[in-house]
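Novice: The file below is run.pdb, PDB, C-alpha atoms:
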```
ATOM      1  CA  MET A   1     -43.538  55.631 -13.669
ATOM      2  CA  ALA A   2     -44.375  59.105 -14.779
ATOM      3  CA  GLN A   3     -47.053  61.656 -14.061
ATOM      4  CA  LYS A   4     -46.812  63.420 -17.370
ATOM      5  CA  ALA A   5     -45.351  62.720 -20.768
ATOM      6  CA  ILE A   6     -45.276  64.156 -24.258
ATOM      7  CA  VAL A   7     -44.107  62.981 -27.649
ATOM      8  CA  GLY A   8     -41.875  64.909 -30.033
ATOM      9  CA  GLU A   9     -39.327  64.676 -32.799
ATOM     10  CA  LYS A  10     -35.627  65.365 -32.456
ATOM     11  CA  VAL A  11     -34.571  68.355 -34.541
ATOM     12  CA  GLY A  12     -30.881  68.529 -33.687
ATOM     13  CA  MET A  13     -28.366  69.928 -31.279
ATOM     14  CA  THR A  14     -27.228  73.501 -30.875
ATOM     15  CA  GLN A  15     -26.316  75.873 -28.065
ATOM     16  CA  VAL A  16     -28.007  78.701 -26.211
ATOM     17  CA  TRP A  17     -26.807  81.178 -23.632
ATOM     18  CA  GLY A  18     -27.936  80.945 -20.044
ATOM     19  CA  ASN A  19     -28.489  83.767 -17.590
ATOM     20  CA  ASP A  20     -24.879  83.532 -16.417
ATOM     21  CA  GLN A  21     -23.774  84.123 -20.033
ATOM     22  CA  ARG A  22     -22.399  80.621 -20.304
ATOM     23  CA  VAL A  23     -23.141  78.321 -23.202
ATOM     24  CA  ILE A  24     -25.680  75.557 -22.574
ATOM     25  CA  PRO A  25     -25.583  72.642 -25.033
ATOM     26  CA  VAL A  26     -29.168  71.783 -25.936
ATOM     27  CA  THR A  27     -31.108  69.333 -28.039
ATOM     28  CA  VAL A  28     -34.052  70.860 -29.858
ATOM     29  CA  LEU A  29     -37.224  68.754 -29.883
ATOM     30  CA  ARG A  30     -40.252  69.631 -31.962
ATOM     31  CA  VAL A  31     -43.345  68.949 -29.873
ATOM     32  CA  GLU A  32     -46.626  69.440 -31.685
ATOM     33  CA  PRO A  33     -49.853  69.395 -29.698
ATOM     34  CA  ALA A  34     -50.751  65.755 -29.106
ATOM     35  CA  ARG A  35     -54.395  64.688 -29.337
ATOM     36  CA  ILE A  36     -55.534  61.849 -27.121
ATOM     37  CA  VAL A  37     -57.065  59.066 -29.211
ATOM     38  CA  GLN A  38     -57.560  56.462 -26.510
ATOM     39  CA  VAL A  39     -57.265  56.284 -22.750
ATOM     40  CA  LYS A  40     -56.110  52.923 -21.414
ATOM     41  CA  THR A  41     -56.940  52.032 -17.849
ATOM     42  CA  GLY A  42     -55.730  49.387 -15.468
ATOM     43  CA  GLU A  43     -59.165  47.751 -15.157
ATOM     44  CA  ARG A  44     -59.806  47.334 -18.861
ATOM     45  CA  ASP A  45     -56.360  47.150 -20.472
ATOM     46  CA  GLY A  46     -54.159  45.965 -17.623
ATOM     47  CA  TYR A  47     -52.071  49.121 -17.552
ATOM     48  CA  SER A  48     -52.680  52.840 -17.673
ATOM     49  CA  ALA A  49     -51.585  54.922 -20.630
ATOM     50  CA  VAL A  50     -52.831  57.481 -23.101
ATOM     51  CA  GLN A  51     -52.589  56.859 -26.807
ATOM     52  CA  VAL A  52     -51.918  60.090 -28.671
ATOM     53  CA  THR A  53     -51.409  61.308 -32.198
ATOM     54  CA  TYR A  54     -49.858  64.510 -33.515
ATOM     55  CA  GLY A  55     -49.506  66.407 -36.774
ATOM     56  CA  HIS A  56     -51.690  65.790 -39.815
ATOM     57  CA  GLN A  57     -52.147  62.724 -42.019
ATOM     58  CA  GLU A  58     -53.892  62.549 -45.391
ATOM     59  CA  ALA A  59     -57.013  60.418 -45.338
ATOM     60  CA  LYS A  60     -55.877  58.283 -48.303
ATOM     61  CA  LYS A  61     -52.764  57.197 -46.457
ATOM     62  CA  LEU A  62     -54.769  55.551 -43.677
ATOM     63  CA  ASN A  63     -56.069  52.020 -43.784
ATOM     64  CA  LYS A  64     -59.620  51.198 -42.774
ATOM     65  CA  ALA A  65     -58.666  50.078 -39.292
ATOM     66  CA  GLU A  66     -56.947  53.383 -38.614
ATOM     67  CA  VAL A  67     -59.812  55.400 -40.090
ATOM     68  CA  GLY A  68     -62.202  53.575 -37.776
ATOM     69  CA  HIS A  69     -59.953  54.058 -34.776
ATOM     70  CA  PHE A  70     -59.679  57.816 -35.314
ATOM     71  CA  ALA A  71     -63.387  58.122 -36.156
ATOM     72  CA  LYS A  72     -64.380  56.340 -32.958
ATOM     73  CA  ALA A  73     -62.350  58.825 -30.939
ATOM     74  CA  GLY A  74     -63.560  61.740 -33.035
ATOM     75  CA  VAL A  75     -59.979  62.944 -33.458
ATOM     76  CA  ALA A  76     -58.334  64.234 -36.656
ATOM     77  CA  PRO A  77     -55.841  61.624 -37.967
ATOM     78  CA  GLY A  78     -52.207  62.357 -37.203
ATOM     79  CA  ARG A  79     -48.841  61.105 -38.400
ATOM     80  CA  ARG A  80     -48.303  58.483 -35.733
ATOM     81  CA  LEU A  81     -49.985  56.747 -32.846
ATOM     82  CA  VAL A  82     -47.830  56.799 -29.744
ATOM     83  CA  GLU A  83     -48.620  55.387 -26.344
ATOM     84  CA  LEU A  84     -47.524  57.321 -23.263
ATOM     85  CA  ARG A  85     -47.418  55.163 -20.126
ATOM     86  CA  LEU A  86     -48.553  57.062 -17.041
ATOM     87  CA  ASP A  87     -49.084  56.365 -13.344
ATOM     88  CA  SER A  88     -52.633  57.547 -13.516
ATOM     89  CA  VAL A  89     -54.869  58.601 -16.382
ATOM     90  CA  ASP A  90     -57.212  60.617 -14.173
ATOM     91  CA  GLY A  91     -58.103  63.872 -15.851
ATOM     92  CA  PHE A  92     -57.185  62.673 -19.328
ATOM     93  CA  GLU A  93     -60.021  62.426 -21.848
ATOM     94  CA  VAL A  94     -60.237  61.381 -25.460
ATOM     95  CA  GLY A  95     -59.872  64.419 -27.709
ATOM     96  CA  GLN A  96     -57.939  66.409 -25.144
ATOM     97  CA  GLU A  97     -54.722  68.113 -26.319
ATOM     98  CA  ILE A  98     -51.359  67.729 -24.582
ATOM     99  CA  THR A  99     -49.008  70.590 -25.418
ATOM    100  CA  VAL A 100     -45.356  71.312 -24.807
ATOM    101  CA  GLU A 101     -46.413  73.515 -21.880
ATOM    102  CA  THR A 102     -46.822  70.314 -19.882
ATOM    103  CA  MET A 103     -43.092  70.609 -19.299
ATOM    104  CA  LEU A 104     -41.707  73.611 -17.468
ATOM    105  CA  ALA A 105     -38.275  75.195 -17.779
ATOM    106  CA  GLY A 106     -35.941  73.970 -15.053
ATOM    107  CA  GLU A 107     -37.772  70.679 -14.655
ATOM    108  CA  ARG A 108     -35.956  67.337 -14.924
ATOM    109  CA  VAL A 109     -37.099  64.914 -17.618
ATOM    110  CA  ASP A 110     -36.234  61.506 -19.029
ATOM    111  CA  VAL A 111     -36.058  61.149 -22.795
ATOM    112  CA  THR A 112     -36.686  57.801 -24.481
ATOM    113  CA  ALA A 113     -35.923  57.081 -28.123
ATOM    114  CA  VAL A 114     -34.615  54.395 -30.443
ATOM    115  CA  SER A 115     -30.847  54.805 -30.736
ATOM    116  CA  ARG A 116     -28.967  55.017 -34.008
ATOM    117  CA  GLY A 117     -28.328  51.593 -35.510
ATOM    118  CA  LYS A 118     -24.659  50.649 -35.766
ATOM    119  CA  GLY A 119     -25.139  47.352 -37.590
ATOM    120  CA  PHE A 120     -23.004  44.320 -36.771
ATOM    121  CA  ALA A 121     -20.303  45.746 -34.522
ATOM    122  CA  GLY A 122     -17.184  44.153 -33.069
ATOM    123  CA  GLY A 123     -16.269  43.885 -29.401
ATOM    124  CA  MET A 124     -14.197  47.063 -29.320
ATOM    125  CA  LYS A 125     -17.043  49.264 -30.483
ATOM    126  CA  ARG A 126     -19.875  47.338 -28.840
ATOM    127  CA  HIS A 127     -18.433  46.566 -25.405
ATOM    128  CA  ASN A 128     -15.400  48.862 -25.194
ATOM    129  CA  PHE A 129     -12.923  45.965 -25.379
ATOM    130  CA  ALA A 130      -9.314  47.072 -25.465
ATOM    131  CA  GLY A 131      -8.328  45.112 -28.560
ATOM    132  CA  GLN A 132      -4.816  43.806 -29.023
ATOM    133  CA  GLY A 133      -1.413  45.198 -29.803
ATOM    134  CA  ALA A 134      -0.570  46.978 -33.007
ATOM    135  CA  SER A 135       2.886  45.416 -33.104
ATOM    136  CA  HIS A 136       4.981  42.860 -31.145
ATOM    137  CA  GLY A 137       4.355  40.296 -33.833
ATOM    138  CA  ASN A 138       0.572  40.636 -33.847
ATOM    139  CA  HIS A 139      -0.891  39.549 -37.139
ATOM    140  CA  LYS A 140      -4.501  40.194 -38.161
ATOM    141  CA  HIS A 141      -5.752  40.193 -34.549
ATOM    142  CA  HIS A 142      -5.665  43.887 -33.745
ATOM    143  CA  ARG A 143      -9.373  44.251 -32.939
ATOM    144  CA  ALA A 144     -10.056  40.640 -31.884
ATOM    145  CA  PRO A 145     -11.763  40.028 -28.513
ATOM    146  CA  GLY A 146      -9.126  37.670 -27.057
ATOM    147  CA  SER A 147     -10.040  34.622 -25.029
ATOM    148  CA  ILE A 148     -13.729  33.771 -24.713
ATOM    149  CA  GLY A 149     -13.434  30.976 -22.154
ATOM    150  CA  SER A 150     -11.507  28.073 -20.667
ATOM    151  CA  CYS A 151     -10.534  24.611 -21.951
ATOM    152  CA  SER A 152     -12.265  21.212 -21.818
ATOM    153  CA  PHE A 153     -13.774  22.304 -18.537
ATOM    154  CA  PRO A 154     -16.381  23.777 -18.934
ATOM    155  CA  GLY A 155     -16.003  22.820 -22.577
ATOM    156  CA  ARG A 156     -18.385  25.470 -23.786
ATOM    157  CA  VAL A 157     -18.750  29.234 -24.045
ATOM    158  CA  PHE A 158     -20.892  30.749 -21.320
ATOM    159  CA  LYS A 159     -24.219  32.233 -22.260
ATOM    160  CA  GLY A 160     -24.398  35.987 -22.379
ATOM    161  CA  LEU A 161     -20.680  36.441 -23.005
ATOM    162  CA  LYS A 162     -19.924  39.826 -24.533
ATOM    163  CA  MET A 163     -19.132  39.277 -28.178
ATOM    164  CA  ALA A 164     -19.602  40.964 -31.539
ATOM    165  CA  GLY A 165     -23.150  41.417 -32.745
ATOM    166  CA  HIS A 166     -25.880  43.851 -33.599
ATOM    167  CA  MET A 167     -25.475  47.215 -31.925
ATOM    168  CA  GLY A 168     -27.805  50.170 -31.639
ATOM    169  CA  HIS A 169     -31.383  50.535 -32.878
ATOM    170  CA  GLU A 170     -32.719  49.714 -29.442
ATOM    171  CA  GLN A 171     -34.759  51.707 -26.988
ATOM    172  CA  VAL A 172     -32.530  53.967 -24.917
ATOM    173  CA  THR A 173     -33.575  56.322 -22.127
ATOM    174  CA  THR A 174     -31.457  59.263 -21.033
ATOM    175  CA  LEU A 175     -32.285  60.144 -17.444
ATOM    176  CA  ASN A 176     -32.500  63.466 -15.644
ATOM    177  CA  LEU A 177     -32.102  66.009 -18.421
ATOM    178  CA  GLU A 178     -32.923  69.589 -17.579
ATOM    179  CA  VAL A 179     -35.589  71.423 -19.565
ATOM    180  CA  VAL A 180     -34.038  74.687 -20.707
ATOM    181  CA  GLN A 181     -37.028  76.142 -22.507
ATOM    182  CA  ALA A 182     -40.555  75.114 -23.462
ATOM    183  CA  ASP A 183     -41.877  77.231 -26.309
ATOM    184  CA  LEU A 184     -45.566  76.686 -27.014
ATOM    185  CA  GLU A 185     -45.741  79.208 -29.827
ATOM    186  CA  ARG A 186     -43.183  77.407 -31.977
ATOM    187  CA  GLY A 187     -43.811  73.987 -30.461
ATOM    188  CA  LEU A 188     -40.219  73.554 -29.326
ATOM    189  CA  LEU A 189     -38.732  71.924 -26.272
ATOM    190  CA  LEU A 190     -35.063  72.517 -25.454
ATOM    191  CA  VAL A 191     -33.415  70.010 -23.157
ATOM    192  CA  LYS A 192     -29.865  70.279 -21.868
ATOM    193  CA  GLY A 193     -27.511  67.656 -23.229
ATOM    194  CA  SER A 194     -27.886  64.949 -25.808
ATOM    195  CA  VAL A 195     -30.805  62.673 -26.626
ATOM    196  CA  PRO A 196     -30.692  59.197 -28.218
ATOM    197  CA  GLY A 197     -31.524  58.624 -31.859
ATOM    198  CA  PRO A 198     -31.094  60.396 -35.184
ATOM    199  CA  ASN A 199     -32.453  63.824 -36.086
ATOM    200  CA  GLY A 200     -36.086  63.401 -37.051
ATOM    201  CA  GLY A 201     -36.510  60.423 -34.734
ATOM    202  CA  VAL A 202     -39.488  60.099 -32.414
ATOM    203  CA  VAL A 203     -38.734  60.812 -28.762
ATOM    204  CA  ILE A 204     -40.894  60.443 -25.672
ATOM    205  CA  VAL A 205     -40.300  62.964 -22.902
ATOM    206  CA  ARG A 206     -41.593  62.253 -19.415
ATOM    207  CA  ASN A 207     -40.904  63.782 -16.041
ATOM    208  CA  ALA A 208     -37.821  62.251 -14.448
ATOM    209  CA  VAL A 209     -38.462  59.130 -12.387
ATOM    210  CA  LYS A 210     -35.172  59.410 -10.514
ATOM    211  CA  ALA A 211     -35.208  63.186  -9.991
ATOM    212  CA  LYS A 212     -33.454  64.249  -6.815
TER     213      LYS A 212
ATOM    214  CA  MET B   1     -30.066  76.088 -43.750
ATOM    215  CA  LYS B   2     -29.741  74.061 -40.612
ATOM    216  CA  THR B   3     -32.713  72.468 -38.925
ATOM    217  CA  THR B   4     -31.881  74.186 -35.650
ATOM    218  CA  ASP B   5     -31.922  77.643 -37.256
ATOM    219  CA  LEU B   6     -35.251  78.488 -35.670
ATOM    220  CA  VAL B   7     -33.515  78.409 -32.303
ATOM    221  CA  ASP B   8     -30.133  79.748 -33.396
ATOM    222  CA  ASN B   9     -31.263  82.841 -35.271
ATOM    223  CA  GLN B  10     -32.481  84.684 -32.191
ATOM    224  CA  TYR B  11     -29.008  84.403 -30.642
ATOM    225  CA  LEU B  12     -27.015  85.644 -33.644
ATOM    226  CA  ARG B  13     -25.580  89.120 -33.203
ATOM    227  CA  SER B  14     -25.587  91.551 -36.081
ATOM    228  CA  ASP B  15     -23.700  94.354 -34.333
ATOM    229  CA  LEU B  16     -20.268  92.801 -34.821
ATOM    230  CA  PRO B  17     -17.682  93.871 -37.392
ATOM    231  CA  ASP B  18     -16.598  91.370 -40.014
ATOM    232  CA  LEU B  19     -13.719  89.598 -38.260
ATOM    233  CA  ARG B  20     -10.838  87.840 -39.994
ATOM    234  CA  ALA B  21      -7.629  86.191 -38.928
ATOM    235  CA  GLY B  22      -4.843  88.738 -38.527
ATOM    236  CA  ASP B  23      -7.139  91.585 -37.489
ATOM    237  CA  GLU B  24      -6.280  93.541 -34.389
ATOM    238  CA  VAL B  25      -9.354  93.934 -32.215
ATOM    239  CA  LYS B  26     -10.429  95.375 -28.880
ATOM    240  CA  VAL B  27     -12.873  92.981 -27.217
ATOM    241  CA  HIS B  28     -14.983  94.646 -24.542
ATOM    242  CA  VAL B  29     -15.735  91.866 -22.068
ATOM    243  CA  ARG B  30     -18.359  92.156 -19.367
ATOM    244  CA  VAL B  31     -16.802  91.105 -16.073
ATOM    245  CA  VAL B  32     -18.970  90.511 -13.006
ATOM    246  CA  GLU B  33     -17.024  90.989  -9.788
ATOM    247  CA  SER B  34     -18.729  90.965  -6.373
ATOM    248  CA  GLY B  35     -22.096  91.613  -7.953
ATOM    249  CA  LYS B  36     -20.917  94.596  -9.952
ATOM    250  CA  GLU B  37     -20.418  94.583 -13.675
ATOM    251  CA  ARG B  38     -17.633  96.396 -15.443
ATOM    252  CA  ILE B  39     -16.080  96.328 -18.886
ATOM    253  CA  GLN B  40     -12.622  94.917 -19.440
ATOM    254  CA  ILE B  41     -10.842  95.402 -22.746
ATOM    255  CA  PHE B  42      -8.804  92.592 -24.256
ATOM    256  CA  GLN B  43      -6.779  93.884 -27.187
ATOM    257  CA  GLY B  44      -4.847  91.638 -29.523
ATOM    258  CA  ASN B  45      -4.678  89.861 -32.837
ATOM    259  CA  ILE B  46      -7.175  87.300 -34.016
ATOM    260  CA  ILE B  47      -5.102  84.200 -34.689
ATOM    261  CA  ALA B  48      -7.922  81.789 -35.518
ATOM    262  CA  ILE B  49     -11.643  81.630 -36.221
ATOM    263  CA  GLN B  50     -13.321  78.315 -35.449
ATOM    264  CA  GLY B  51     -16.774  76.921 -36.031
ATOM    265  CA  SER B  52     -19.765  78.371 -37.803
ATOM    266  CA  GLY B  53     -23.196  79.696 -37.068
ATOM    267  CA  VAL B  54     -24.127  80.279 -33.460
ATOM    268  CA  ALA B  55     -21.115  78.248 -32.295
ATOM    269  CA  GLU B  56     -18.523  80.365 -34.102
ATOM    270  CA  SER B  57     -15.636  81.564 -31.945
ATOM    271  CA  TYR B  58     -12.357  83.426 -32.386
ATOM    272  CA  THR B  59      -9.061  83.325 -30.552
ATOM    273  CA  VAL B  60      -7.339  86.591 -29.673
ATOM    274  CA  ARG B  61      -3.636  86.626 -28.776
ATOM    275  CA  LYS B  62      -1.799  89.439 -27.091
ATOM    276  CA  LEU B  63       1.460  89.944 -25.275
ATOM    277  CA  SER B  64       1.068  90.892 -21.643
ATOM    278  CA  TYR B  65       4.335  91.848 -19.906
ATOM    279  CA  GLY B  66       6.234  89.626 -22.295
ATOM    280  CA  VAL B  67       3.949  86.644 -21.784
ATOM    281  CA  GLY B  68       1.670  85.516 -24.581
ATOM    282  CA  VAL B  69      -1.991  85.400 -23.525
ATOM    283  CA  GLU B  70      -4.729  83.848 -25.657
ATOM    284  CA  ARG B  71      -8.445  84.062 -25.068
ATOM    285  CA  THR B  72     -11.172  82.438 -27.091
ATOM    286  CA  PHE B  73     -14.517  84.189 -27.315
ATOM    287  CA  PRO B  74     -17.761  82.755 -28.653
ATOM    288  CA  LYS B  75     -18.613  85.178 -31.439
ATOM    289  CA  HIS B  76     -22.249  85.601 -30.442
ATOM    290  CA  SER B  77     -21.723  85.578 -26.683
ATOM    291  CA  PRO B  78     -23.716  88.180 -24.715
ATOM    292  CA  ALA B  79     -20.697  88.423 -22.389
ATOM    293  CA  VAL B  80     -18.946  90.472 -25.059
ATOM    294  CA  ALA B  81     -20.303  94.005 -24.955
ATOM    295  CA  LYS B  82     -18.597  95.251 -28.095
ATOM    296  CA  VAL B  83     -15.870  94.322 -30.545
ATOM    297  CA  GLU B  84     -13.810  97.164 -31.985
ATOM    298  CA  LEU B  85     -11.777  96.624 -35.104
ATOM    299  CA  VAL B  86      -8.449  98.441 -34.671
ATOM    300  CA  HIS B  87      -7.050  97.542 -38.071
ATOM    301  CA  ARG B  88      -6.939  94.674 -40.482
ATOM    302  CA  GLY B  89      -3.849  92.521 -40.822
ATOM    303  CA  GLU B  90      -2.105  91.346 -43.957
ATOM    304  CA  VAL B  91      -1.882  87.565 -43.545
ATOM    305  CA  ARG B  92      -1.829  84.648 -45.938
ATOM    306  CA  ARG B  93      -3.350  81.913 -43.826
ATOM    307  CA  ALA B  94      -6.430  81.289 -41.728
ATOM    308  CA  LYS B  95      -4.717  79.979 -38.594
ATOM    309  CA  LEU B  96      -1.806  82.034 -37.298
ATOM    310  CA  TYR B  97      -0.494  79.533 -34.764
ATOM    311  CA  PHE B  98       3.067  80.142 -35.972
ATOM    312  CA  LEU B  99       2.979  83.417 -34.050
ATOM    313  CA  ARG B 100       3.240  81.440 -30.810
ATOM    314  CA  GLU B 101       6.849  80.585 -31.543
ATOM    315  CA  ARG B 102       7.755  84.112 -32.478
ATOM    316  CA  THR B 103       8.595  87.103 -30.360
ATOM    317  CA  GLY B 104       9.337  90.752 -30.921
ATOM    318  CA  LYS B 105       9.290  92.131 -34.416
ATOM    319  CA  ALA B 106       8.899  88.703 -36.005
ATOM    320  CA  ALA B 107       5.548  88.305 -34.248
ATOM    321  CA  LYS B 108       4.178  91.502 -35.730
ATOM    322  CA  ILE B 109       1.421  91.361 -38.314
ATOM    323  CA  ARG B 110       1.622  93.883 -41.117
ATOM    324  CA  GLU B 111      -1.324  96.215 -41.431
ATOM    325  CA  LYS B 112      -3.439  95.655 -44.486
ATOM    326  CA  ARG B 113      -3.564  98.589 -46.879
ATOM    327  CA  GLU B 114      -7.097  98.930 -48.202
ATOM    328  CA  SER B 115      -7.081 100.101 -51.783
TER     329      SER B 115
END
```
The structure in this file should be written as structure tokens.
Specialist:
Amino acid sequence: MAQKAIVGEKVGMTQVWGNDQRVIPVTVLRVEPARIVQVKTGERDGYSAVQVTYGHQEAKKLNKAEVGHFAKAGVAPGRRLVELRLDSVDGFEVGQEITVETMLAGERVDVTAVSRGKGFAGGMKRHNFAGQGASHGNHKHHRAPGSIGSCSFPGRVFKGLKMAGHMGHEQVTTLNLEVVQADLERGLLLVKGSVPGPNGGVVIVRNAVKAK
Amino acid sequence: MKTTDLVDNQYLRSDLPDLRAGDEVKVHVRVVESGKERIQIFQGNIIAIQGSGVAESYTVRKLSYGVGVERTFPKHSPAVAKVELVHRGEVRRAKLYFLRERTGKAAKIREKRES
């Protein structure tokens, strides 16, 4: 899995200049210091992870369960509770802070987020179908999927056939992005390339599992 | 204000003249050859300005031995040492792509008289 992970929010994309004076396209992530609220271990919870929170939340916006949960950990309430799955939770304690400095410039990371929802999308958009002709007598079937199966044998449409349906708003992980800059002072992490999800969306950054 | 301003602002250059389409400029480009850096000057007319903010760029066109050469520079690139404004041009549009089909005197841009 991963040895280290942090949680942040996507700010947007822009560009910076590298040492070779070439433009690097980057996604800016805001990474506030994350406070560990709970440490989950294999023996007790069945898997190892740290539950963290970040930012600040007004006390009146919390329900009693949340108040109790934060009070038990002795951690100031934050905006969200996010679980970061890790190989090992050795060295992580409740109350400890995880900062953006966990990630170093030049390191490879994976970024997980919920992608932008596209709603009910047709085959062309959802599965890159080619669609049908614009002319040659075609009538009202320009974006139709075409044939979806055979005749009386098998007499049914196979399960899992690519068809129109809900697209997006699912967990997507982009692998092997390069960290361009980790700025503790401003709480910013710059990764090269694009990241799933809308601006303002929650992203989880962990060290790359398939790094070469 | 853009949300990425806190990253962009440190890269914006303030030492550049106000550039517009039609202007004749000398762009001092840093060229690294065999480890050594020298300055190369690209002089021509700005025929287009694209983009905004940190991603803004401009296209400079010049005639080199009768062949039209165009180069696009990111406005805030550190590879550009200096931009010199030779003179402003009198033009009526933002994109001067029509100059590509013209040669000789027809491809000349009138100098703008500042009053």
Novice: Report as JSON lines the residues of chain A within 7 Å of chain B, each with its shortest atom pair and distance in Å (one decimal), using all atoms listed in the file, ordered by chain and increasing residue number.
Specialist:
```
{"residue": "A:Val11", "atom": "CA", "partner": "B:Thr3", "partner_atom": "CA", "distance": 6.3}
{"residue": "A:Gly12", "atom": "CA", "partner": "B:Thr4", "partner_atom": "CA", "distance": 6.1}
{"residue": "A:Thr14", "atom": "CA", "partner": "B:Thr4", "partner_atom": "CA", "distance": 6.7}
{"residue": "A:Gln21", "atom": "CA", "partner": "B:Ala79", "partner_atom": "CA", "distance": 5.8}
```
Novice: Given the file above and the PyMOL selection byres ((chain A and resi 18) around 12), which residues are selected, and can you give them as a PyMOL selection string?
Specialist: (chain A and resi 15-17+19-26+106+180-181+192) or (chain B and resi 11+77-79)
Novice: Nearest to Ser57 in chain B among B:Phe42, B:Leu19, B:Asn9, B:His87, with distances taken over only C-alpha atoms: which residue is it?
Specialist: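 Going through B:Phe42, B:Leu19, B:Asn9, B:His87 one by one, the smallest distance to Ser57 in chain B is for B:Leu19.
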Novice: As an exercise, work out the distance from CA of Glu97 in chain A to CA of Arg35 in chain A in Å and give it to one decimal place.
Specialist: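 Those two atoms sit 4.6 Å apart.
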Novice: Distance CA of Lys112 in chain B-CA of Glu90 in chain B, one decimal place?
Specialist: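 Distance reported for this atom pair: 4.5 Å.
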Novice: Taking the file as I've supplied it (selection: the PyMOL selection byres ((chain A and resi 47-58) around 10)), which residues are included? Please answer as a PyMOL selection string.
Specialist: chain A and resi 5-8+31-46+59-62+70+75-90+92-98
Novice: Residues as selected, C-alpha atoms, written as a CSV table (one decimal), in the frame of the given file, can you do that?
Specialist:
```
chain,number,residue,atom,x,y,z
A,5,ALA,CA,-45.4,62.7,-20.8
A,6,ILE,CA,-45.3,64.2,-24.3
A,7,VAL,CA,-44.1,63.0,-27.6
A,8,GLY,CA,-41.9,64.9,-30.0
A,31,VAL,CA,-43.3,68.9,-29.9
A,32,GLU,CA,-46.6,69.4,-31.7
A,33,PRO,CA,-49.9,69.4,-29.7
A,34,ALA,CA,-50.8,65.8,-29.1
A,35,ARG,CA,-54.4,64.7,-29.3
A,36,ILE,CA,-55.5,61.8,-27.1
A,37,VAL,CA,-57.1,59.1,-29.2
A,38,GLN,CA,-57.6,56.5,-26.5
A,39,VAL,CA,-57.3,56.3,-22.8
A,40,LYS,CA,-56.1,52.9,-21.4
A,41,THR,CA,-56.9,52.0,-17.8
A,42,GLY,CA,-55.7,49.4,-15.5
A,43,GLU,CA,-59.2,47.8,-15.2
A,44,ARG,CA,-59.8,47.3,-18.9
A,45,ASP,CA,-56.4,47.2,-20.5
A,46,GLY,CA,-54.2,46.0,-17.6
A,59,ALA,CA,-57.0,60.4,-45.3
A,60,LYS,CA,-55.9,58.3,-48.3
A,61,LYS,CA,-52.8,57.2,-46.5
A,62,LEU,CA,-54.8,55.6,-43.7
A,70,PHE,CA,-59.7,57.8,-35.3
A,75,VAL,CA,-60.0,62.9,-33.5
A,76,ALA,CA,-58.3,64.2,-36.7
A,77,PRO,CA,-55.8,61.6,-38.0
A,78,GLY,CA,-52.2,62.4,-37.2
A,79,ARG,CA,-48.8,61.1,-38.4
A,80,ARG,CA,-48.3,58.5,-35.7
A,81,LEU,CA,-50.0,56.7,-32.8
A,82,VAL,CA,-47.8,56.8,-29.7
A,83,GLU,CA,-48.6,55.4,-26.3
A,84,LEU,CA,-47.5,57.3,-23.3
A,85,ARG,CA,-47.4,55.2,-20.1
A,86,LEU,CA,-48.6,57.1,-17.0
A,87,ASP,CA,-49.1,56.4,-13.3
A,88,SER,CA,-52.6,57.5,-13.5
A,89,VAL,CA,-54.9,58.6,-16.4
A,90,ASP,CA,-57.2,60.6,-14.2
A,92,PHE,CA,-57.2,62.7,-19.3
A,93,GLU,CA,-60.0,62.4,-21.8
A,94,VAL,CA,-60.2,61.4,-25.5
A,95,GLY,CA,-59.9,64.4,-27.7
A,96,GLN,CA,-57.9,66.4,-25.1
A,97,GLU,CA,-54.7,68.1,-26.3
A,98,ILE,CA,-51.4,67.7,-24.6
```
Novice: Just the residues within 12 Å of Ala134 in chain A, please, counting all atoms listed in the file, with nothing from its chain fewer than 5 positions along; format it as a list in words.
Specialist: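 Using all atoms listed in the file, the neighbours found are His139, Lys140, His141, His142, Arg143 and Ala144 of chain A.
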Novice: Determine, counting all atoms listed in the file, which protein, DNA and RNA residues have an atom within 12 Å of an atom of Arg38 in chain B; residues of the same chain fewer than 2 positions away are not included. Present the result as a PDB file with C-alpha atoms, in the frame of the given file.
Specialist:
```pdb
ATOM      1  CA  HIS B  28     -14.983  94.646 -24.542  1.00  0.00           C
ATOM      2  CA  VAL B  29     -15.735  91.866 -22.068  1.00  0.00           C
ATOM      3  CA  ARG B  30     -18.359  92.156 -19.367  1.00  0.00           C
ATOM      4  CA  VAL B  31     -16.802  91.105 -16.073  1.00  0.00           C
ATOM      5  CA  VAL B  32     -18.970  90.511 -13.006  1.00  0.00           C
ATOM      6  CA  GLU B  33     -17.024  90.989  -9.788  1.00  0.00           C
ATOM      7  CA  SER B  34     -18.729  90.965  -6.373  1.00  0.00           C
ATOM      8  CA  GLY B  35     -22.096  91.613  -7.953  1.00  0.00           C
ATOM      9  CA  LYS B  36     -20.917  94.596  -9.952  1.00  0.00           C
ATOM     10  CA  GLN B  40     -12.622  94.917 -19.440  1.00  0.00           C
ATOM     11  CA  ILE B  41     -10.842  95.402 -22.746  1.00  0.00           C
ATOM     12  CA  ALA B  79     -20.697  88.423 -22.389  1.00  0.00           C
ATOM     13  CA  VAL B  80     -18.946  90.472 -25.059  1.00  0.00           C
ATOM     14  CA  ALA B  81     -20.303  94.005 -24.955  1.00  0.00           C
TER      15      ALA B  81
END
```
Novice: Please compute the CA of Gly22 in chain B-CA of Leu96 in chain B distance, one decimal, in Å.
Specialist: 7.5 Å
Novice: Measuring between all atoms listed in the file, which one of A:Lys10, A:Glu185, A:Lys125, A:Gly131 shows the shortest distance to Met167 in chain A?
Specialist: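 Distance minimum relative to Met167 in chain A lands on A:Lys125.
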Novice: Enclose range 180-193 of chain A, meaning all of its atoms listed in the file, in a box aligned along x, y and z, pad it by 4 Å on each side, and list the centre and edge lengths in Å to one decimal, as JSON.
Specialist:
```
{"center_x": -36.6, "center_y": 73.4, "center_z": -26.3, "size_x": 26.2, "size_y": 19.6, "size_z": 19.3}
```
